[in-house]
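Structure file protein-v2.csv; described as CSV, N, CA and C atoms.
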chain,number,residue,atom,x,y,z
A,1,MET,N,50.4,40.3,-26.9
A,1,MET,CA,50.6,39.8,-25.6
A,1,MET,C,49.4,38.9,-25.2
A,2,THR,N,49.7,37.7,-24.8
A,2,THR,CA,48.6,36.8,-24.4
A,2,THR,C,48.3,36.9,-23.0
A,3,LYS,N,47.0,36.6,-22.7
A,3,LYS,CA,46.5,36.7,-21.4
A,3,LYS,C,46.2,35.3,-20.9
A,4,GLN,N,46.6,34.9,-19.7
A,4,GLN,CA,46.3,33.6,-19.1
A,4,GLN,C,44.8,33.6,-18.7
A,5,LEU,N,44.1,32.7,-19.2
A,5,LEU,CA,42.6,32.6,-19.0
A,5,LEU,C,42.3,31.7,-17.8
A,6,TYR,N,43.2,31.0,-17.3
A,6,TYR,CA,43.0,30.1,-16.2
A,6,TYR,C,44.2,30.0,-15.3
A,7,ARG,N,43.9,29.6,-14.1
A,7,ARG,CA,45.0,29.4,-13.1
A,7,ARG,C,44.7,28.2,-12.3
A,8,ARG,N,45.6,27.4,-12.0
A,8,ARG,CA,45.4,26.2,-11.2
A,8,ARG,C,45.4,26.6,-9.7
A,9,ILE,N,44.3,26.2,-9.1
A,9,ILE,CA,44.1,26.6,-7.7
A,9,ILE,C,44.5,25.4,-6.8
A,10,GLY,N,44.2,24.2,-7.2
A,10,GLY,CA,44.5,23.0,-6.3
A,10,GLY,C,44.3,21.8,-7.1
A,11,GLU,N,44.2,20.7,-6.4
A,11,GLU,CA,44.0,19.4,-7.1
A,11,GLU,C,42.9,18.7,-6.3
A,12,TRP,N,42.1,18.0,-7.0
A,12,TRP,CA,41.0,17.2,-6.5
A,12,TRP,C,41.2,15.8,-6.8
A,13,LYS,N,41.1,14.9,-5.8
A,13,LYS,CA,41.1,13.5,-5.9
A,13,LYS,C,39.8,12.9,-5.4
A,14,PRO,N,39.3,11.9,-6.1
A,14,PRO,CA,38.1,11.3,-5.6
A,14,PRO,C,38.3,10.6,-4.2
A,15,ASP,N,37.3,10.7,-3.4
A,15,ASP,CA,37.4,10.0,-2.1
A,15,ASP,C,36.9,8.6,-2.2
A,16,ASP,N,37.8,7.7,-2.1
A,16,ASP,CA,37.5,6.3,-2.3
A,16,ASP,C,37.6,5.4,-1.0
A,17,LEU,N,37.4,6.1,0.1
A,17,LEU,CA,37.5,5.4,1.4
A,17,LEU,C,36.4,4.4,1.5
A,18,LEU,N,35.1,4.8,1.3
A,18,LEU,CA,34.0,3.9,1.4
A,18,LEU,C,33.9,2.9,0.2
A,19,ALA,N,33.8,1.6,0.5
A,19,ALA,CA,33.8,0.6,-0.5
A,19,ALA,C,32.5,0.4,-1.3
A,20,ASP,N,31.4,0.7,-0.6
A,20,ASP,CA,30.1,0.5,-1.2
A,20,ASP,C,29.1,1.5,-0.7
A,21,SER,N,28.6,2.3,-1.6
A,21,SER,CA,27.6,3.3,-1.2
A,21,SER,C,26.3,2.8,-0.7
A,22,ARG,N,26.0,1.5,-1.0
A,22,ARG,CA,24.7,0.9,-0.6
A,22,ARG,C,24.9,0.3,0.8
A,23,ASP,N,26.1,0.2,1.3
A,23,ASP,CA,26.3,-0.4,2.6
A,23,ASP,C,25.8,0.5,3.7
A,24,ILE,N,25.6,-0.1,4.9
A,24,ILE,CA,25.1,0.7,6.0
A,24,ILE,C,26.4,1.0,6.9
A,25,TYR,N,26.6,2.3,7.1
A,25,TYR,CA,27.7,2.7,7.9
A,25,TYR,C,27.2,3.3,9.2
A,26,ILE,N,27.8,2.8,10.3
A,26,ILE,CA,27.4,3.3,11.6
A,26,ILE,C,28.5,4.1,12.2
A,27,THR,N,28.2,5.3,12.7
A,27,THR,CA,29.2,6.1,13.3
A,27,THR,C,28.8,6.4,14.8
A,28,THR,N,29.8,6.9,15.5
A,28,THR,CA,29.7,7.3,16.8
A,28,THR,C,30.6,8.5,17.1
A,29,ASP,N,30.2,9.4,18.0
A,29,ASP,CA,31.0,10.5,18.4
A,29,ASP,C,31.7,10.2,19.6
A,30,GLU,N,33.1,10.3,19.6
A,30,GLU,CA,33.9,9.9,20.7
A,30,GLU,C,34.8,11.1,21.1
A,31,ALA,N,35.0,11.1,22.4
A,31,ALA,CA,35.9,12.2,23.0
A,31,ALA,C,37.3,12.0,22.5
A,32,ILE,N,38.0,13.1,22.4
A,32,ILE,CA,39.5,13.1,22.1
A,32,ILE,C,40.2,14.0,23.1
A,33,ASP,N,41.5,13.8,23.2
A,33,ASP,CA,42.3,14.6,24.1
A,33,ASP,C,42.5,16.0,23.5
A,34,ALA,N,42.7,17.0,24.3
A,34,ALA,CA,43.1,18.3,23.9
A,34,ALA,C,44.4,18.2,23.1
A,35,GLY,N,44.5,18.8,22.0
A,35,GLY,CA,45.7,18.8,21.2
A,35,GLY,C,45.8,17.7,20.2
A,36,ALA,N,44.9,16.7,20.3
A,36,ALA,CA,44.9,15.6,19.4
A,36,ALA,C,44.4,16.0,18.0
A,37,SER,N,44.9,15.4,17.0
A,37,SER,CA,44.3,15.6,15.7
A,37,SER,C,44.4,14.3,14.9
A,38,PHE,N,43.3,14.1,14.1
A,38,PHE,CA,43.2,12.9,13.3
A,38,PHE,C,42.8,13.3,11.9
A,39,HIS,N,43.1,12.4,10.9
A,39,HIS,CA,42.7,12.7,9.5
A,39,HIS,C,41.7,11.6,9.1
A,40,ARG,N,40.9,11.9,8.0
A,40,ARG,CA,39.9,11.0,7.5
A,40,ARG,C,40.6,9.7,7.1
A,41,GLY,N,40.0,8.6,7.5
A,41,GLY,CA,40.5,7.3,7.2
A,41,GLY,C,41.5,6.7,8.2
A,42,GLN,N,41.9,7.5,9.2
A,42,GLN,CA,42.8,7.0,10.2
A,42,GLN,C,42.1,6.0,11.1
A,43,ILE,N,42.8,4.8,11.3
A,43,ILE,CA,42.3,3.8,12.3
A,43,ILE,C,42.7,4.3,13.7
A,44,VAL,N,41.8,4.2,14.6
A,44,VAL,CA,42.0,4.7,16.0
A,44,VAL,C,41.7,3.6,17.0
A,45,LYS,N,42.2,3.7,18.2
A,45,LYS,CA,41.9,2.8,19.3
A,45,LYS,C,41.2,3.6,20.3
A,46,TYR,N,40.5,2.8,21.3
A,46,TYR,CA,39.8,3.5,22.4
A,46,TYR,C,40.6,3.2,23.7
A,47,ASP,N,40.9,4.3,24.4
A,47,ASP,CA,41.6,4.2,25.7
A,47,ASP,C,40.5,4.2,26.8
A,48,SER,N,40.3,3.1,27.4
A,48,SER,CA,39.2,3.0,28.4
A,48,SER,C,39.6,3.8,29.7
A,49,THR,N,40.8,4.0,30.0
A,49,THR,CA,41.2,4.8,31.2
A,49,THR,C,40.8,6.3,31.0
A,50,THR,N,41.1,6.9,29.9
A,50,THR,CA,40.8,8.3,29.6
A,50,THR,C,39.4,8.5,28.9
A,51,LYS,N,38.9,7.3,28.5
A,51,LYS,CA,37.6,7.4,27.7
A,51,LYS,C,37.7,8.3,26.5
A,52,THR,N,38.8,8.2,25.8
A,52,THR,CA,39.0,8.9,24.5
A,52,THR,C,39.6,8.0,23.5
A,53,ILE,N,39.5,8.5,22.2
A,53,ILE,CA,40.1,7.7,21.1
A,53,ILE,C,41.5,8.3,21.0
A,54,LYS,N,42.4,7.4,20.5
A,54,LYS,CA,43.8,7.7,20.3
A,54,LYS,C,44.3,7.1,19.0
A,55,ALA,N,45.5,7.6,18.6
A,55,ALA,CA,46.1,7.0,17.4
A,55,ALA,C,46.7,5.6,17.7
A,56,MET,N,46.7,4.7,16.7
A,56,MET,CA,47.3,3.4,16.9
A,56,MET,C,48.8,3.6,17.0
A,57,THR,N,49.4,2.9,18.0
A,57,THR,CA,50.9,3.0,18.1
A,57,THR,C,51.6,1.7,18.1
A,58,ALA,N,50.9,0.6,18.1
A,58,ALA,CA,51.6,-0.7,18.1
A,58,ALA,C,50.7,-1.7,17.5
A,59,LYS,N,51.3,-2.8,17.0
A,59,LYS,CA,50.5,-3.9,16.3
A,59,LYS,C,49.7,-4.6,17.3
A,60,SER,N,50.0,-4.5,18.6
A,60,SER,CA,49.2,-5.1,19.7
A,60,SER,C,47.9,-4.3,20.0
A,61,ASP,N,47.8,-3.1,19.5
A,61,ASP,CA,46.6,-2.3,19.8
A,61,ASP,C,45.4,-2.9,19.2
A,62,ILE,N,44.2,-2.7,19.9
A,62,ILE,CA,42.9,-3.2,19.4
A,62,ILE,C,42.2,-2.0,18.7
A,63,PRO,N,41.9,-2.1,17.4
A,63,PRO,CA,41.3,-1.0,16.7
A,63,PRO,C,39.9,-0.8,17.2
A,64,PHE,N,39.4,0.5,17.2
A,64,PHE,CA,38.1,0.8,17.6
A,64,PHE,C,37.2,1.2,16.4
A,65,GLY,N,37.8,2.0,15.5
A,65,GLY,CA,37.1,2.5,14.3
A,65,GLY,C,38.0,3.3,13.4
A,66,ILE,N,37.3,3.9,12.4
A,66,ILE,CA,38.0,4.7,11.4
A,66,ILE,C,37.4,6.1,11.4
A,67,VAL,N,38.3,7.1,11.4
A,67,VAL,CA,37.8,8.5,11.6
A,67,VAL,C,37.1,8.9,10.3
A,68,VAL,N,35.9,9.6,10.5
A,68,VAL,CA,35.1,10.0,9.4
A,68,VAL,C,35.6,11.2,8.6
A,69,ARG,N,36.1,12.2,9.4
A,69,ARG,CA,36.6,13.5,8.7
A,69,ARG,C,37.7,14.0,9.5
A,70,ASP,N,38.5,14.8,8.9
A,70,ASP,CA,39.7,15.4,9.6
A,70,ASP,C,39.3,16.1,10.9
A,71,VAL,N,40.1,15.9,11.9
A,71,VAL,CA,39.7,16.5,13.2
A,71,VAL,C,40.9,17.4,13.7
A,72,ASN,N,40.5,18.7,13.9
A,72,ASN,CA,41.4,19.6,14.4
A,72,ASN,C,40.8,20.0,15.8
A,73,CYS,N,41.5,19.8,16.9
A,73,CYS,CA,40.9,19.9,18.2
A,73,CYS,C,40.3,21.3,18.4
A,74,SER,N,40.8,22.3,17.8
A,74,SER,CA,40.2,23.6,18.0
A,74,SER,C,38.9,23.8,17.3
A,75,GLU,N,38.5,22.9,16.4
A,75,GLU,CA,37.3,23.1,15.6
A,75,GLU,C,36.2,22.1,16.0
A,76,ASN,N,36.5,21.2,16.9
A,76,ASN,CA,35.5,20.1,17.3
A,76,ASN,C,35.0,20.2,18.7
A,77,GLU,N,34.9,21.4,19.3
A,77,GLU,CA,34.4,21.5,20.6
A,77,GLU,C,32.8,21.6,20.6
A,78,ASP,N,32.2,21.0,21.6
A,78,ASP,CA,30.8,21.1,21.7
A,78,ASP,C,30.5,22.3,22.7
A,79,GLU,N,29.2,22.5,23.0
A,79,GLU,CA,28.8,23.6,23.8
A,79,GLU,C,29.4,23.6,25.2
A,80,ASN,N,29.9,22.4,25.7
A,80,ASN,CA,30.5,22.3,27.0
A,80,ASN,C,32.0,22.4,27.0
A,81,GLY,N,32.6,22.6,25.8
A,81,GLY,CA,34.0,22.7,25.6
A,81,GLY,C,34.7,21.4,25.5
A,82,ASP,N,33.9,20.3,25.4
A,82,ASP,CA,34.5,18.9,25.2
A,82,ASP,C,34.9,18.8,23.7
A,83,LEU,N,35.9,17.9,23.5
A,83,LEU,CA,36.4,17.7,22.1
A,83,LEU,C,35.9,16.3,21.7
A,84,PHE,N,35.3,16.3,20.4
A,84,PHE,CA,34.8,15.0,19.9
A,84,PHE,C,35.2,14.8,18.4
A,85,ALA,N,35.3,13.5,18.0
A,85,ALA,CA,35.5,13.1,16.7
A,85,ALA,C,34.5,12.1,16.3
A,86,THR,N,34.0,12.1,15.1
A,86,THR,CA,33.1,11.1,14.6
A,86,THR,C,33.9,9.9,14.0
A,87,VAL,N,33.5,8.7,14.4
A,87,VAL,CA,34.3,7.5,14.0
A,87,VAL,C,33.3,6.5,13.4
A,88,TYR,N,33.7,5.9,12.3
A,88,TYR,CA,32.9,4.7,11.7
A,88,TYR,C,33.2,3.5,12.6
A,89,VAL,N,32.2,2.8,13.0
A,89,VAL,CA,32.4,1.6,13.8
A,89,VAL,C,31.8,0.4,13.1
A,90,ARG,N,31.1,0.6,12.0
A,90,ARG,CA,30.7,-0.5,11.1
A,90,ARG,C,30.7,0.0,9.7
A,91,GLY,N,30.9,-0.9,8.7
A,91,GLY,CA,30.8,-0.6,7.3
A,91,GLY,C,32.0,-1.3,6.6
A,92,SER,N,32.0,-1.1,5.2
A,92,SER,CA,33.0,-1.7,4.4
A,92,SER,C,33.8,-0.6,3.8
A,93,PHE,N,35.1,-0.8,3.7
A,93,PHE,CA,36.1,0.2,3.3
A,93,PHE,C,37.0,-0.3,2.3
A,94,ASN,N,37.5,0.5,1.4
A,94,ASN,CA,38.4,0.2,0.3
A,94,ASN,C,39.8,0.0,0.8
A,95,GLY,N,40.4,-1.1,0.7
A,95,GLY,CA,41.7,-1.4,1.2
A,95,GLY,C,42.8,-0.7,0.3
A,96,GLN,N,42.4,-0.3,-0.9
A,96,GLN,CA,43.4,0.4,-1.8
A,96,GLN,C,43.3,1.9,-1.6
A,97,SER,N,42.4,2.4,-0.8
A,97,SER,CA,42.3,3.8,-0.6
A,97,SER,C,43.5,4.5,0.0
A,98,SER,N,43.9,5.6,-0.6
A,98,SER,CA,45.1,6.3,0.0
A,98,SER,C,44.8,6.9,1.3
A,99,LEU,N,43.5,7.0,1.6
A,99,LEU,CA,43.0,7.6,2.9
A,99,LEU,C,43.1,6.7,4.1
A,100,LEU,N,43.0,5.4,3.8
A,100,LEU,CA,43.0,4.4,4.9
A,100,LEU,C,44.4,4.3,5.5
A,101,ASP,N,44.5,4.6,6.8
A,101,ASP,CA,45.8,4.7,7.4
A,101,ASP,C,45.8,4.2,8.8
A,102,ALA,N,46.7,3.3,9.1
A,102,ALA,CA,46.7,2.8,10.5
A,102,ALA,C,47.7,3.6,11.3
A,103,GLY,N,48.5,4.5,10.7
A,103,GLY,CA,49.4,5.3,11.5
A,103,GLY,C,50.9,4.8,11.4
A,104,ALA,N,51.7,5.4,12.3
A,104,ALA,CA,53.1,5.1,12.3
A,104,ALA,C,53.5,4.8,13.7
A,105,ILE,N,54.5,4.0,13.8
A,105,ILE,CA,55.1,3.7,15.1
A,105,ILE,C,55.8,5.0,15.6
A,106,PRO,N,55.5,5.4,16.8
A,106,PRO,CA,56.1,6.7,17.3
A,106,PRO,C,57.6,6.6,17.4
A,107,ALA,N,58.3,7.7,17.2
A,107,ALA,CA,59.7,7.8,17.1
A,107,ALA,C,60.4,7.2,18.4
A,108,GLU,N,59.7,7.5,19.6
A,108,GLU,CA,60.3,7.0,20.8
A,108,GLU,C,60.2,5.5,20.9
A,109,ASP,N,59.3,4.8,20.2
A,109,ASP,CA,59.2,3.4,20.3
A,109,ASP,C,59.8,2.6,19.1
A,110,SER,N,60.2,3.4,18.1
A,110,SER,CA,60.7,2.7,16.9
A,110,SER,C,62.1,2.3,17.0
A,111,SER,N,62.5,1.2,16.3
A,111,SER,CA,63.8,0.7,16.3
A,111,SER,C,64.3,0.9,14.8
A,112,HIS,N,65.5,0.6,14.5
A,112,HIS,CA,66.0,0.8,13.2
A,112,HIS,C,65.3,-0.1,12.2
A,113,ASN,N,64.6,-1.1,12.6
A,113,ASN,CA,63.9,-2.0,11.6
A,113,ASN,C,62.4,-1.9,11.7
A,114,ALA,N,61.9,-0.9,12.5
A,114,ALA,CA,60.5,-0.7,12.6
A,114,ALA,C,59.8,-0.3,11.3
A,115,THR,N,58.6,-0.8,11.0
A,115,THR,CA,57.9,-0.4,9.8
A,115,THR,C,56.6,0.2,10.2
A,116,PRO,N,56.1,1.2,9.4
A,116,PRO,CA,54.8,1.8,9.7
A,116,PRO,C,53.7,0.8,9.8
A,117,LEU,N,52.7,1.1,10.6
A,117,LEU,CA,51.6,0.2,10.8
A,117,LEU,C,50.7,0.2,9.5
A,118,SER,N,50.1,-0.9,9.2
A,118,SER,CA,49.2,-1.0,8.0
A,118,SER,C,47.9,-1.5,8.5
A,119,PHE,N,46.8,-1.3,7.6
A,119,PHE,CA,45.5,-1.9,8.0
A,119,PHE,C,45.6,-3.4,8.0
A,120,GLU,N,46.6,-4.0,7.2
A,120,GLU,CA,46.7,-5.4,7.2
A,120,GLU,C,47.1,-6.0,8.6
A,121,ASP,N,47.7,-5.1,9.4
A,121,ASP,CA,48.1,-5.6,10.8
A,121,ASP,C,46.8,-5.7,11.6
A,122,PHE,N,45.7,-5.1,11.3
A,122,PHE,CA,44.5,-5.1,12.0
A,122,PHE,C,43.3,-5.7,11.3
A,123,TYR,N,43.6,-6.3,10.2
A,123,TYR,CA,42.5,-6.8,9.3
A,123,TYR,C,41.5,-7.7,10.0
A,124,VAL,N,42.0,-8.7,10.8
A,124,VAL,CA,41.1,-9.6,11.5
A,124,VAL,C,40.4,-8.9,12.6
A,125,ALA,N,41.1,-8.1,13.4
A,125,ALA,CA,40.5,-7.4,14.5
A,125,ALA,C,39.4,-6.4,14.0
A,126,LEU,N,39.6,-5.7,12.9
A,126,LEU,CA,38.6,-4.8,12.4
A,126,LEU,C,37.4,-5.6,11.9
A,127,ARG,N,37.6,-6.8,11.3
A,127,ARG,CA,36.5,-7.6,10.8
A,127,ARG,C,35.6,-8.1,12.0
A,128,GLU,N,36.3,-8.4,13.1
A,128,GLU,CA,35.6,-8.9,14.3
A,128,GLU,C,34.7,-7.7,14.8
A,129,ARG,N,35.0,-6.5,14.6
A,129,ARG,CA,34.3,-5.3,15.1
A,129,ARG,C,33.2,-4.9,14.1
A,130,GLY,N,33.2,-5.5,12.9
A,130,GLY,CA,32.2,-5.2,11.9
A,130,GLY,C,32.7,-4.2,10.9
A,131,ILE,N,34.0,-4.0,10.9
A,131,ILE,CA,34.6,-3.1,9.8
A,131,ILE,C,35.3,-4.0,8.8
A,132,ILE,N,34.7,-4.0,7.6
A,132,ILE,CA,35.2,-4.9,6.6
A,132,ILE,C,36.1,-4.1,5.7
A,133,ILE,N,37.4,-4.6,5.5
A,133,ILE,CA,38.3,-4.0,4.5
A,133,ILE,C,38.3,-4.8,3.3
A,134,ARG,N,37.9,-4.3,2.2
A,134,ARG,CA,37.8,-5.0,0.9
A,134,ARG,C,39.1,-4.7,0.2
A,135,ARG,N,39.8,-5.8,-0.1
A,135,ARG,CA,41.1,-5.7,-0.8
A,135,ARG,C,41.0,-5.4,-2.3
A,136,ASN,N,40.0,-5.9,-2.9
A,136,ASN,CA,39.8,-5.7,-4.4
A,136,ASN,C,38.4,-5.1,-4.6
A,137,VAL,N,38.4,-3.8,-4.8
A,137,VAL,CA,37.2,-3.1,-5.1
A,137,VAL,C,37.2,-2.8,-6.6
A,138,ASN,N,36.1,-3.1,-7.3
A,138,ASN,CA,36.0,-2.9,-8.7
A,138,ASN,C,35.2,-1.6,-8.9
Could you write out this file's structure as C-alpha cells?
Amino acid sequence: MTKQLYRRIGEWKPDDLLADSRDIYITTDEAIDAGASFHRGQIVKYDSTTKTIKAMTAKSDIPFGIVVRDVNCSENEDENGDLFATVYVRGSFNGQSSLLDAGAIPAEDSSHNATPLSFEDFYVALRERGIIIRRNVN
C-alpha cells in the first residue's frame, strides 16, 4: 500500500500589479462605508458628499486610486470604529495584471448590451492623477 507524501493545499500566483519595483508609490488611507468591500487592484472613485471611496459604477466616474490590499469592512476599523482602506494614488501599474480591475456596471444600471468596465475606460484620467498603466511590461 502506497502512502501519499504530499497534498495540495492551494495555489499561488505571482502578484504582478506593480509594474516597477523601483518606482515611487504613494498611498493614502481613505474612509469607506460600512458594509463596503474592495479587492487588491480595484480602481475606486472618491465621493465628496460622503467623503468615502466607492466602487466605479460608470464610465463617467472619475477614478481616485487603486486599492492596495483586500478590504473587509469588519477587519479595517481604527480605534474610533471608523473604516479605512489604503489606496495607491501615484505609481505605475501593470495593465496585463489579473488584479487590475475597474469593476462592473451594477445590475440595476446595466442594459442588455452593457459591458464591464475596464482600466482602458479610465486610462487618461488615471494618468492625469499620476497613476500610470503600462500596457507592455517585460
Review point. Quick one: of A:Gly91, A:Ser98, A:Phe119, A:Leu5, who's nearest to A:Ile132, counting all atoms listed in the file?
Key: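 Of A:Gly91, A:Ser98, A:Phe119, A:Leu5, the one nearest A:Ile132 is A:Gly91, counting all atoms listed in the file.
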Point to revise | Radius query 8 Å about (31.5, 11.4, 13.7), atoms used: only C-alpha atoms, as a list in words | key: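 Using only C-alpha atoms, the matching residues come out as Thr27, Thr28, Asp29, Glu30, Val67, Val68, Arg69, Phe84, Ala85, Thr86, Val87 and Tyr88 of chain A.
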May I have all residues of chain A that DSSP, computed from the backbone, assigns to strand (DSSP E or B), given as an mmCIF file with N, CA and C atoms, in the coordinates of the input?
data_model
loop_
_atom_site.group_PDB
_atom_site.id
_atom_site.type_symbol
_atom_site.label_atom_id
_atom_site.label_comp_id
_atom_site.auth_asym_id
_atom_site.auth_seq_id
_atom_site.Cartn_x
_atom_site.Cartn_y
_atom_site.Cartn_z
ATOM 1 N N LEU A 18 35.100 4.800 1.300
ATOM 2 C CA LEU A 18 34.000 3.900 1.400
ATOM 3 C C LEU A 18 33.900 2.900 0.200
ATOM 4 N N ILE A 26 27.800 2.800 10.300
ATOM 5 C CA ILE A 26 27.400 3.300 11.600
ATOM 6 C C ILE A 26 28.500 4.100 12.200
ATOM 7 N N THR A 27 28.200 5.300 12.700
ATOM 8 C CA THR A 27 29.200 6.100 13.300
ATOM 9 C C THR A 27 28.800 6.400 14.800
ATOM 10 N N THR A 28 29.800 6.900 15.500
ATOM 11 C CA THR A 28 29.700 7.300 16.800
ATOM 12 C C THR A 28 30.600 8.500 17.100
ATOM 13 N N ASP A 29 30.200 9.400 18.000
ATOM 14 C CA ASP A 29 31.000 10.500 18.400
ATOM 15 C C ASP A 29 31.700 10.200 19.600
ATOM 16 N N GLU A 30 33.100 10.300 19.600
ATOM 17 C CA GLU A 30 33.900 9.900 20.700
ATOM 18 C C GLU A 30 34.800 11.100 21.100
ATOM 19 N N ALA A 31 35.000 11.100 22.400
ATOM 20 C CA ALA A 31 35.900 12.200 23.000
ATOM 21 C C ALA A 31 37.300 12.000 22.500
ATOM 22 N N ILE A 32 38.000 13.100 22.400
ATOM 23 C CA ILE A 32 39.500 13.100 22.100
ATOM 24 C C ILE A 32 40.200 14.000 23.100
ATOM 25 N N SER A 37 44.900 15.400 17.000
ATOM 26 C CA SER A 37 44.300 15.600 15.700
ATOM 27 C C SER A 37 44.400 14.300 14.900
ATOM 28 N N PHE A 38 43.300 14.100 14.100
ATOM 29 C CA PHE A 38 43.200 12.900 13.300
ATOM 30 C C PHE A 38 42.800 13.300 11.900
ATOM 31 N N GLN A 42 41.900 7.500 9.200
ATOM 32 C CA GLN A 42 42.800 7.000 10.200
ATOM 33 C C GLN A 42 42.100 6.000 11.100
ATOM 34 N N ILE A 43 42.800 4.800 11.300
ATOM 35 C CA ILE A 43 42.300 3.800 12.300
ATOM 36 C C ILE A 43 42.700 4.300 13.700
ATOM 37 N N VAL A 44 41.800 4.200 14.600
ATOM 38 C CA VAL A 44 42.000 4.700 16.000
ATOM 39 C C VAL A 44 41.700 3.600 17.000
ATOM 40 N N LYS A 45 42.200 3.700 18.200
ATOM 41 C CA LYS A 45 41.900 2.800 19.300
ATOM 42 C C LYS A 45 41.200 3.600 20.300
ATOM 43 N N TYR A 46 40.500 2.800 21.300
ATOM 44 C CA TYR A 46 39.800 3.500 22.400
ATOM 45 C C TYR A 46 40.600 3.200 23.700
ATOM 46 N N ASP A 47 40.900 4.300 24.400
ATOM 47 C CA ASP A 47 41.600 4.200 25.700
ATOM 48 C C ASP A 47 40.500 4.200 26.800
ATOM 49 N N THR A 52 38.800 8.200 25.800
ATOM 50 C CA THR A 52 39.000 8.900 24.500
ATOM 51 C C THR A 52 39.600 8.000 23.500
ATOM 52 N N ILE A 53 39.500 8.500 22.200
ATOM 53 C CA ILE A 53 40.100 7.700 21.100
ATOM 54 C C ILE A 53 41.500 8.300 21.000
ATOM 55 N N LYS A 54 42.400 7.400 20.500
ATOM 56 C CA LYS A 54 43.800 7.700 20.300
ATOM 57 C C LYS A 54 44.300 7.100 19.000
ATOM 58 N N ALA A 55 45.500 7.600 18.600
ATOM 59 C CA ALA A 55 46.100 7.000 17.400
ATOM 60 C C ALA A 55 46.700 5.600 17.700
ATOM 61 N N PRO A 63 41.900 -2.100 17.400
ATOM 62 C CA PRO A 63 41.300 -1.000 16.700
ATOM 63 C C PRO A 63 39.900 -0.800 17.200
ATOM 64 N N PHE A 64 39.400 0.500 17.200
ATOM 65 C CA PHE A 64 38.100 0.800 17.600
ATOM 66 C C PHE A 64 37.200 1.200 16.400
ATOM 67 N N GLY A 65 37.800 2.000 15.500
ATOM 68 C CA GLY A 65 37.100 2.500 14.300
ATOM 69 C C GLY A 65 38.000 3.300 13.400
ATOM 70 N N ILE A 66 37.300 3.900 12.400
ATOM 71 C CA ILE A 66 38.000 4.700 11.400
ATOM 72 C C ILE A 66 37.400 6.100 11.400
ATOM 73 N N VAL A 67 38.300 7.100 11.400
ATOM 74 C CA VAL A 67 37.800 8.500 11.600
ATOM 75 C C VAL A 67 37.100 8.900 10.300
ATOM 76 N N VAL A 71 40.100 15.900 11.900
ATOM 77 C CA VAL A 71 39.700 16.500 13.200
ATOM 78 C C VAL A 71 40.900 17.400 13.700
ATOM 79 N N ASN A 72 40.500 18.700 13.900
ATOM 80 C CA ASN A 72 41.400 19.600 14.400
ATOM 81 C C ASN A 72 40.800 20.000 15.800
ATOM 82 N N GLU A 77 34.900 21.400 19.300
ATOM 83 C CA GLU A 77 34.400 21.500 20.600
ATOM 84 C C GLU A 77 32.800 21.600 20.600
ATOM 85 N N LEU A 83 35.900 17.900 23.500
ATOM 86 C CA LEU A 83 36.400 17.700 22.100
ATOM 87 C C LEU A 83 35.900 16.300 21.700
ATOM 88 N N PHE A 84 35.300 16.300 20.400
ATOM 89 C CA PHE A 84 34.800 15.000 19.900
ATOM 90 C C PHE A 84 35.200 14.800 18.400
ATOM 91 N N ALA A 85 35.300 13.500 18.000
ATOM 92 C CA ALA A 85 35.500 13.100 16.700
ATOM 93 C C ALA A 85 34.500 12.100 16.300
ATOM 94 N N THR A 86 34.000 12.100 15.100
ATOM 95 C CA THR A 86 33.100 11.100 14.600
ATOM 96 C C THR A 86 33.900 9.900 14.000
ATOM 97 N N VAL A 87 33.500 8.700 14.400
ATOM 98 C CA VAL A 87 34.300 7.500 14.000
ATOM 99 C C VAL A 87 33.300 6.500 13.400
ATOM 100 N N TYR A 88 33.700 5.900 12.300
ATOM 101 C CA TYR A 88 32.900 4.700 11.700
ATOM 102 C C TYR A 88 33.200 3.500 12.600
ATOM 103 N N VAL A 89 32.200 2.800 13.000
ATOM 104 C CA VAL A 89 32.400 1.600 13.800
ATOM 105 C C VAL A 89 31.800 0.400 13.100
ATOM 106 N N ARG A 90 31.100 0.600 12.000
ATOM 107 C CA ARG A 90 30.700 -0.500 11.100
ATOM 108 C C ARG A 90 30.700 0.000 9.700
ATOM 109 N N GLY A 91 30.900 -0.900 8.700
ATOM 110 C CA GLY A 91 30.800 -0.600 7.300
ATOM 111 C C GLY A 91 32.000 -1.300 6.600
ATOM 112 N N SER A 92 32.000 -1.100 5.200
ATOM 113 C CA SER A 92 33.000 -1.700 4.400
ATOM 114 C C SER A 92 33.800 -0.600 3.800
ATOM 115 N N PHE A 93 35.100 -0.800 3.700
ATOM 116 C CA PHE A 93 36.100 0.200 3.300
ATOM 117 C C PHE A 93 37.000 -0.300 2.300
ATOM 118 N N ASN A 94 37.500 0.500 1.400
ATOM 119 C CA ASN A 94 38.400 0.200 0.300
ATOM 120 C C ASN A 94 39.800 0.000 0.800
ATOM 121 N N ASP A 101 44.500 4.600 6.800
ATOM 122 C CA ASP A 101 45.800 4.700 7.400
ATOM 123 C C ASP A 101 45.800 4.200 8.800
ATOM 124 N N ILE A 131 34.000 -4.000 10.900
ATOM 125 C CA ILE A 131 34.600 -3.100 9.800
ATOM 126 C C ILE A 131 35.300 -4.000 8.800
ATOM 127 N N ILE A 132 34.700 -4.000 7.600
ATOM 128 C CA ILE A 132 35.200 -4.900 6.600
ATOM 129 C C ILE A 132 36.100 -4.100 5.700
ATOM 130 N N ILE A 133 37.400 -4.600 5.500
ATOM 131 C CA ILE A 133 38.300 -4.000 4.500
ATOM 132 C C ILE A 133 38.300 -4.800 3.300
ATOM 133 N N ARG A 134 37.900 -4.300 2.200
ATOM 134 C CA ARG A 134 37.800 -5.000 0.900
ATOM 135 C C ARG A 134 39.100 -4.700 0.200
#
Review point. Which of stretch 4-137 of chain A counts as helix (DSSP H, G or I) under DSSP, as an MDAnalysis selection string please?
Key: chainID A and resid 73:75 119:128
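For the pair atom CA of A:Ile62 and atom N of A:Leu117, the interatomic distance is 13.9 Å.
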Practice item. Would you please work out which residue, of A:Ala19, A:Ile32, A:Leu100, A:Ala58, is nearest to A:Pro116 when using only C-alpha atoms? Key: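 Looking at the shortest contact to A:Pro116, the residue is A:Ala58.
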Point to revise | Among listed residues A:Gly95, A:Lys13, A:Ser48, A:Ala55, nearest A:Ile133 (using all atoms listed in the file) | key: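 Closest to A:Ile133, using all atoms listed in the file: A:Gly95.
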Exercise for review: Write out as a PyMOL selection string each polymer residue whose atoms come within 6.5 Å of A:Met56, counting only N, CA and C atoms; drop sequence neighbours fewer than 4 positions from it.
Suggested key: chain A and resi 43-45+61+102-104
